[in-house]
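Next up, upload.tsv (TSV, C-alpha atoms):
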```
chain	number	residue	atom	x	y	z
B	21	PRO	CA	-21.53	-3.75	28.38
B	22	HIS	CA	-20.67	-0.08	28.07
B	23	ASN	CA	-21.24	1.55	31.49
B	24	ALA	CA	-22.13	5.07	30.31
B	25	LYS	CA	-24.27	6.78	27.68
B	26	ILE	CA	-23.05	5.91	24.19
B	27	ARG	CA	-22.68	8.98	21.97
B	28	ALA	CA	-20.50	7.57	19.18
B	29	LEU	CA	-19.91	4.24	17.42
B	30	SER	CA	-17.38	3.16	14.84
B	31	PHE	CA	-16.28	-0.17	13.41
B	32	ALA	CA	-13.70	-1.57	11.01
B	33	HIS	CA	-13.32	-4.97	9.37
B	34	THR	CA	-10.47	-7.32	10.21
B	35	GLY	CA	-11.61	-9.76	7.52
B	36	PRO	CA	-14.68	-10.83	5.55
B	37	HIS	CA	-16.46	-12.22	8.62
B	38	GLY	CA	-15.36	-10.05	11.54
B	39	GLY	CA	-14.04	-6.78	12.83
B	40	ILE	CA	-13.62	-4.37	15.72
B	41	LEU	CA	-16.33	-2.15	17.21
B	42	VAL	CA	-15.60	0.89	19.39
B	43	ALA	CA	-18.31	2.55	21.49
B	44	ALA	CA	-17.68	5.83	23.34
B	45	GLY	CA	-19.58	8.51	25.19
B	46	SER	CA	-20.17	10.06	28.59
B	47	ARG	CA	-17.39	10.42	31.18
B	48	LEU	CA	-14.89	10.11	28.31
B	49	SER	CA	-15.47	6.36	28.38
B	50	TYR	CA	-14.86	3.87	25.60
B	51	SER	CA	-15.22	0.14	24.97
B	52	VAL	CA	-13.51	-2.03	22.36
B	53	TRP	CA	-15.23	-5.17	21.08
B	54	ALA	CA	-14.35	-7.89	18.58
B	55	TRP	CA	-17.27	-9.15	16.52
B	56	ALA	CA	-17.58	-12.16	14.25
B	57	ASP	CA	-20.27	-13.58	11.97
B	58	VAL	CA	-20.16	-17.18	13.16
B	59	ALA	CA	-22.71	-18.52	10.69
B	60	GLU	CA	-20.87	-17.03	7.70
B	61	GLU	CA	-17.48	-18.26	8.96
B	62	GLU	CA	-18.76	-21.83	9.06
B	63	GLY	CA	-20.46	-21.56	5.69
B	64	GLY	CA	-23.90	-22.05	7.16
B	65	ASN	CA	-27.23	-20.53	6.29
B	66	ARG	CA	-27.89	-17.79	8.84
B	67	MET	CA	-31.64	-18.32	8.72
B	68	LEU	CA	-31.31	-22.06	9.39
B	69	SER	CA	-28.32	-22.09	11.71
B	70	SER	CA	-28.95	-22.66	15.42
B	71	MET	CA	-25.92	-20.52	16.27
B	72	PRO	CA	-26.27	-16.76	16.83
B	73	PRO	CA	-25.46	-14.80	13.66
B	74	LEU	CA	-23.02	-12.52	15.49
B	75	THR	CA	-20.76	-12.91	18.50
B	76	LEU	CA	-19.24	-10.07	20.52
B	77	LYS	CA	-16.17	-10.31	22.73
B	78	ALA	CA	-15.12	-7.47	25.02
B	79	ILE	CA	-11.44	-6.60	24.54
B	80	GLN	CA	-10.87	-3.43	26.54
B	81	ALA	CA	-12.82	-0.70	28.33
B	82	GLY	CA	-11.83	2.46	30.15
B	83	SER	CA	-11.70	6.25	30.00
B	84	VAL	CA	-9.35	8.44	28.00
B	85	GLU	CA	-9.09	10.64	31.13
B	86	PRO	CA	-9.98	8.62	34.26
B	87	ASN	CA	-9.29	11.55	36.62
B	88	SER	CA	-11.51	14.05	34.82
B	89	THR	CA	-13.55	16.02	37.38
B	90	GLN	CA	-16.16	17.35	34.94
B	91	GLU	CA	-18.81	15.71	32.77
B	92	HIS	CA	-16.97	15.67	29.48
B	93	ARG	CA	-17.94	13.38	26.62
B	94	ILE	CA	-16.54	11.66	23.55
B	95	LEU	CA	-18.74	13.10	20.81
B	96	CYS	CA	-17.64	11.34	17.62
B	97	THR	CA	-15.39	8.58	16.35
B	98	ALA	CA	-13.97	7.51	13.00
B	99	SER	CA	-12.16	4.37	11.89
B	100	LEU	CA	-9.67	3.32	9.23
B	101	SER	CA	-8.34	-0.13	8.30
B	102	MET	CA	-4.67	-0.42	7.29
B	103	GLY	CA	-3.81	-4.07	6.90
B	104	ASN	CA	-3.36	-5.66	10.31
B	105	THR	CA	-3.74	-2.31	12.08
B	106	LEU	CA	-7.03	-0.50	12.67
B	107	LEU	CA	-7.00	3.18	13.63
B	108	PHE	CA	-9.83	4.80	15.61
B	109	SER	CA	-10.06	8.48	16.51
B	110	LEU	CA	-11.96	9.36	19.69
B	111	CYS	CA	-12.92	13.07	19.68
B	112	ASP	CA	-14.16	14.78	22.83
B	113	SER	CA	-15.94	17.85	24.16
B	114	ARG	CA	-12.67	19.45	25.35
B	115	GLY	CA	-11.21	19.64	21.83
B	116	TYR	CA	-8.94	16.59	22.18
B	117	VAL	CA	-8.60	13.66	19.79
B	118	TYR	CA	-7.26	10.33	21.08
B	119	PRO	CA	-5.81	7.92	18.48
B	120	LEU	CA	-6.49	4.28	19.36
B	121	THR	CA	-4.93	1.41	17.42
B	122	VAL	CA	-5.99	-2.23	17.35
B	123	THR	CA	-3.46	-4.65	15.87
B	124	THR	CA	-4.42	-8.17	14.78
B	125	PRO	CA	-1.65	-10.76	14.29
B	126	SER	CA	-1.34	-12.08	10.75
B	127	GLU	CA	-0.46	-15.61	11.91
B	128	VAL	CA	-3.15	-18.22	11.35
B	129	GLY	CA	-4.83	-19.14	14.61
B	130	LYS	CA	-3.91	-15.89	16.37
B	131	GLU	CA	-6.51	-13.64	14.77
B	132	ASN	CA	-8.34	-13.27	18.09
B	133	HIS	CA	-5.29	-11.99	19.98
B	134	GLN	CA	-5.72	-8.28	19.32
B	135	THR	CA	-3.47	-5.63	20.85
B	136	VAL	CA	-5.17	-2.36	21.82
B	137	GLN	CA	-3.10	0.79	22.37
B	138	MET	CA	-4.28	4.27	23.32
B	139	HIS	CA	-1.85	6.96	22.12
B	140	ALA	CA	-1.09	10.48	23.29
B	141	PRO	CA	-3.83	12.92	22.23
B	142	LEU	CA	-3.69	15.80	19.80
B	143	ARG	CA	-5.77	18.93	20.32
B	144	PRO	CA	-7.10	20.45	17.10
B	145	PHE	CA	-9.37	22.91	18.96
B	146	SER	CA	-10.12	24.40	22.35
B	147	THR	CA	-13.82	23.82	21.59
B	148	PRO	CA	-15.71	20.50	21.22
B	149	VAL	CA	-14.85	18.27	18.26
B	150	LEU	CA	-18.16	17.41	16.59
B	151	SER	CA	-17.08	15.43	13.53
B	152	CYS	CA	-14.12	13.58	12.07
B	153	SER	CA	-13.04	11.64	9.00
B	154	LEU	CA	-9.89	9.61	8.22
B	155	SER	CA	-8.15	8.67	4.97
B	156	ALA	CA	-4.89	6.79	4.37
B	157	ALA	CA	-2.11	8.17	2.17
B	158	PRO	CA	0.14	5.76	0.21
B	159	ASP	CA	3.42	5.48	2.08
B	160	GLY	CA	5.53	6.33	-0.96
B	161	GLY	CA	8.39	4.19	0.34
B	162	HIS	CA	8.33	5.60	3.89
B	163	HIS	CA	8.45	3.22	6.84
B	164	GLU	CA	5.53	4.84	8.67
B	165	SER	CA	1.90	4.76	7.60
B	166	THR	CA	0.50	8.25	7.06
B	167	VAL	CA	-3.13	9.16	7.68
B	168	ILE	CA	-4.87	12.43	6.86
B	169	ALA	CA	-7.60	13.42	9.31
B	170	ALA	CA	-10.28	16.12	9.10
B	171	PHE	CA	-11.89	17.40	12.31
B	172	GLY	CA	-14.90	19.72	12.63
B	173	SER	CA	-15.46	21.91	15.70
B	174	SER	CA	-18.39	23.58	17.42
B	175	SER	CA	-16.88	26.93	16.36
B	176	GLY	CA	-17.37	26.04	12.69
B	177	GLN	CA	-13.70	25.51	11.86
B	178	VAL	CA	-12.39	22.38	10.15
B	179	ALA	CA	-8.78	21.34	10.75
B	180	LEU	CA	-6.72	19.04	8.54
B	181	TRP	CA	-4.04	17.02	10.37
B	182	ALA	CA	-1.45	14.43	9.38
B	183	LEU	CA	-0.88	11.37	11.57
B	184	SER	CA	2.19	9.18	11.19
B	185	LEU	CA	1.83	5.66	12.57
B	186	SER	CA	4.82	3.54	13.52
B	187	THR	CA	4.76	0.17	15.28
B	188	SER	CA	4.51	1.73	18.75
B	189	SER	CA	3.53	5.40	18.44
B	190	VAL	CA	1.47	8.00	16.60
B	191	SER	CA	2.91	11.43	15.82
B	192	SER	CA	0.76	14.24	14.45
B	193	TRP	CA	0.96	17.76	13.07
B	194	LEU	CA	-1.45	20.42	11.86
B	195	LEU	CA	-1.68	20.87	8.11
B	196	LEU	CA	-4.36	23.51	7.65
B	197	GLU	CA	-7.21	25.27	9.43
B	198	LEU	CA	-10.24	26.06	7.27
B	199	PRO	CA	-12.93	28.64	8.20
B	200	MET	CA	-15.76	26.48	6.87
B	201	HIS	CA	-18.77	27.61	8.94
B	202	SER	CA	-19.98	30.43	11.16
B	203	MET	CA	-21.36	27.83	13.59
B	204	GLY	CA	-20.80	24.17	14.39
B	205	ALA	CA	-19.27	21.89	11.73
B	206	ASN	CA	-21.52	18.92	12.52
B	207	GLY	CA	-20.41	16.66	9.69
B	208	VAL	CA	-17.18	16.27	7.74
B	209	ALA	CA	-16.09	13.86	5.00
B	210	LEU	CA	-12.62	13.44	3.51
B	211	SER	CA	-11.45	11.88	0.25
B	212	LEU	CA	-7.80	11.47	-0.75
B	213	THR	CA	-6.65	10.84	-4.33
B	214	GLY	CA	-3.09	10.30	-5.51
B	215	LEU	CA	-1.65	12.73	-8.07
B	216	PRO	CA	1.43	12.42	-10.28
B	217	GLY	CA	4.34	14.63	-9.30
B	218	THR	CA	8.09	15.05	-9.74
B	219	ARG	CA	10.95	16.34	-7.69
B	220	GLY	CA	13.14	19.22	-8.77
B	221	ASP	CA	15.29	17.11	-11.09
B	222	GLY	CA	12.19	16.17	-13.11
B	223	ASN	CA	12.97	12.46	-13.02
B	224	THR	CA	12.31	11.03	-9.57
B	225	PRO	CA	8.60	10.57	-8.80
B	226	THR	CA	7.28	11.90	-5.52
B	227	SER	CA	4.00	11.54	-3.66
B	228	GLN	CA	1.30	14.14	-4.06
B	229	TRP	CA	-2.37	13.95	-3.14
B	230	LYS	CA	-5.55	15.91	-3.65
B	231	ALA	CA	-7.72	16.03	-0.54
B	232	ILE	CA	-11.40	16.91	-0.89
B	233	VAL	CA	-12.96	18.01	2.40
B	234	VAL	CA	-16.74	18.46	2.57
B	235	SER	CA	-18.55	19.75	5.66
B	236	GLY	CA	-22.08	20.60	6.73
B	237	GLY	CA	-22.92	22.94	9.57
B	238	ASP	CA	-25.40	24.65	11.83
B	239	ASP	CA	-25.38	27.61	9.43
B	240	GLN	CA	-27.17	25.44	6.80
B	241	ALA	CA	-24.14	25.67	4.49
B	242	VAL	CA	-22.08	23.04	2.72
B	243	CYS	CA	-18.39	23.85	2.30
B	244	ILE	CA	-15.99	22.13	-0.08
B	245	ALA	CA	-12.23	22.50	0.19
B	246	SER	CA	-9.67	21.23	-2.31
B	247	VAL	CA	-6.20	20.81	-0.78
B	248	ILE	CA	-3.06	19.69	-2.61
B	249	LEU	CA	-0.65	17.83	-0.33
B	250	GLY	CA	2.95	16.78	-0.95
B	251	ARG	CA	6.12	15.61	0.78
B	252	ALA	CA	8.45	18.21	2.30
B	253	GLU	CA	11.61	18.19	0.18
B	254	SER	CA	13.73	20.58	2.23
B	255	PRO	CA	13.47	21.04	6.01
B	256	GLU	CA	15.31	24.36	5.82
B	257	GLY	CA	13.10	27.20	7.02
B	258	SER	CA	10.35	24.73	7.85
B	259	SER	CA	9.17	23.09	11.07
B	260	ARG	CA	8.63	19.79	9.23
B	261	ASN	CA	11.11	17.00	8.58
B	262	LEU	CA	12.17	15.81	5.16
B	263	GLY	CA	9.42	13.61	3.73
B	264	ASP	CA	6.64	14.90	6.01
B	265	ILE	CA	3.34	15.74	4.35
B	266	VAL	CA	2.73	19.47	3.90
B	267	VAL	CA	0.11	21.68	2.23
B	268	MET	CA	1.01	22.98	-1.21
B	269	HIS	CA	-2.21	24.71	-2.27
B	270	SER	CA	-5.82	25.04	-1.09
B	271	THR	CA	-9.14	26.50	-2.27
B	272	LEU	CA	-12.49	26.77	-0.48
B	273	VAL	CA	-16.06	27.04	-1.82
B	274	ARG	CA	-19.09	27.72	0.38
B	275	VAL	CA	-22.68	26.96	-0.68
B	276	GLN	CA	-25.23	28.77	1.50
B	277	GLY	CA	-28.81	27.76	2.27
B	278	VAL	CA	-28.52	24.13	1.28
B	279	GLY	CA	-31.22	23.00	3.74
B	280	GLY	CA	-33.99	24.55	5.74
B	281	ALA	CA	-32.30	23.51	8.97
B	282	ALA	CA	-28.89	22.75	10.40
B	283	LEU	CA	-26.96	20.04	8.55
B	284	LYS	CA	-25.99	17.17	10.84
B	285	GLY	CA	-23.91	14.99	8.52
B	286	VAL	CA	-22.27	14.64	5.11
B	287	CYS	CA	-20.68	11.80	3.16
B	288	LEU	CA	-18.76	11.21	-0.05
B	289	TRP	CA	-19.37	8.37	-2.52
B	290	LYS	CA	-17.04	7.28	-5.27
B	291	GLU	CA	-18.64	7.74	-8.66
B	292	SER	CA	-19.18	4.54	-10.61
B	293	GLU	CA	-16.77	4.07	-13.49
B	294	GLU	CA	-19.46	2.48	-15.65
```

Rewrite the structure from the file as structure tokens, please.
Amino acid sequence: PHNAKIRALSFAHTGPHGGILVAAGSRLSYSVWAWADVAEEEGGNRMLSSMPPLTLKAIQAGSVEPNSTQEHRILCTASLSMGNTLLFSLCDSRGYVYPLTVTTPSEVGKENHQTVQMHAPLRPFSTPVLSCSLSAAPDGGHHESTVIAAFGSSSGQVALWALSLSTSSVSSWLLLELPMHSMGANGVALSLTGLPGTRGDGNTPTSQWKAIVVSGGDDQAVCIASVILGRAESPEGSSRNLGDIVVMHSTLVRVQGVGGAALKGVCLWKESEE
């Protein structure tokens, strides 16, 4: 069991009948669990089966900062499934975000041999991170998997970051800081849509995306940002490498007085095509 107060939960599927659960909270602690729906895996009727409907197996537990001398906490988590790799972001009260990856072997019979790796943190803010959301970008022929992350802070700012995942490491860089709220950005949701684009010669296609970032805050406002992202084509005069994701254009709309109290969460749903 988790040995501290749980303040955040997140899970991701590894298949139709199982997945990974991450719990985190006080003392910067976290626990990683594998869960499986045994009755469904065996094709049984859950109501009639004598077996428990779900099984949990502890994989790893610890603290992102074991030597911390103060009562800091992990306040929110988010998850993203990318094939055999699951990405979790653990966001804490010091302004740090810890990427955690869980890799499941693709070989039949080895699905339960997960590898958990905690990566070096990024620090979007010097204030607590209250909310986060993750979305995968198509690799566009690049060897690394690229993830766009949105983080909301207690100061009201929302930061957009890019994370590049290789087989053994996660690198990250700031894309954009957005002044969304005058007080805490308690909830943030991110949607990423591919856009057509061309390079300078007009023939070779390149990757471009439109990111929609929605946030709700203590100031009772909802903010919506539209951000166009693309691949860096020339590193000259830029701190980014060729092919890195960069911001090309952004707009921000703020809607005041949405609720009669502070907004604690937001979400985005894909509109039905019917």

(message) Nearest residue to B:Ser51 out of B:Leu74, B:Ile79, B:Val278, B:Val190, using all atoms listed in the file?
(response) B:Ile79

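If you look at atom CA of B:Lys25 and atom CA of B:Arg47, they are 8.5 Å away from each other.
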
(request) Could you give me, as a ChimeraX atom specification, the residues within 9 Å of B:Ala157, counting only C-alpha atoms and dropping anything in the same chain fewer than 5 positions from it? (result) /B:165-168,212-214,229

(message) Please return as a count of residues only every residue within 12 Å of (-8.2, 26.9, 25.3), taking into account all atoms listed in the file and the file's own coordinates.
(response) 10

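When the distance limit is 7 Å and all atoms listed in the file are what count, the residues near stretch 29-42 of chain B, minus those fewer than 2 positions from it on the same chain, are Ala44, Tyr50, Ser51, Val52, Trp53, Ala54, Trp55, Ala56, Asp57, Glu60, Glu61, Thr97, Ala98, Ser99, Leu100, Ser101 and Leu106 of chain B.
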
(request) Check the smallest atom-to-atom distance from each of B:Val247, B:Ala156, B:Val273, B:Leu185 to B:Met200 using all atoms listed in the file, then report the winner. (result) B:Val273

(request) Could you check which of B:Val117, B:Val266, B:Met138, B:Ile248 is closest to B:Gly172, using all atoms listed in the file? (result) B:Val117

Can you tell me which residues surround B:Ala140 at a distance of at most 12 Å, considering all atoms listed in the file, apart from same-chain residues fewer than 4 positions away, and format the answer as a JSON list (two decimals) with C-alpha atoms, keeping the file's coordinate frame?
```
[["chain", "number", "residue", "atom", "x", "y", "z"],
["B", 84, "VAL", "CA", -9.35, 8.44, 28.00],
["B", 85, "GLU", "CA", -9.09, 10.64, 31.13],
["B", 109, "SER", "CA", -10.06, 8.48, 16.51],
["B", 110, "LEU", "CA", -11.96, 9.36, 19.69],
["B", 116, "TYR", "CA", -8.94, 16.59, 22.18],
["B", 117, "VAL", "CA", -8.60, 13.66, 19.79],
["B", 118, "TYR", "CA", -7.26, 10.33, 21.08],
["B", 119, "PRO", "CA", -5.81, 7.92, 18.48],
["B", 120, "LEU", "CA", -6.49, 4.28, 19.36],
["B", 121, "THR", "CA", -4.93, 1.41, 17.42],
["B", 183, "LEU", "CA", -0.88, 11.37, 11.57],
["B", 188, "SER", "CA", 4.51, 1.73, 18.75],
["B", 189, "SER", "CA", 3.53, 5.40, 18.44],
["B", 190, "VAL", "CA", 1.47, 8.00, 16.60],
["B", 191, "SER", "CA", 2.91, 11.43, 15.82],
["B", 192, "SER", "CA", 0.76, 14.24, 14.45]]
```

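Among B:Lys290, B:Gly250, B:Gly237, B:Pro216, the residue with the shortest atom-to-atom distance to B:Val275, counting only C-alpha atoms, is B:Gly237.
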
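Reported to one decimal place, the separation of atom CA of B:Ala81 from atom CA of B:Ala209 is 27.7 Å.
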
(message) To one decimal place in Å, what is the distance between atom CA of B:Gln240 and atom CA of B:Ser175?
(response) 14.1 Å

(message) Could you check the closest approach to B:Val267 for each of B:Pro86, B:Lys284, B:Trp181, B:Gly279 and tell me which residue wins, using all atoms listed in the file?
(response) B:Trp181
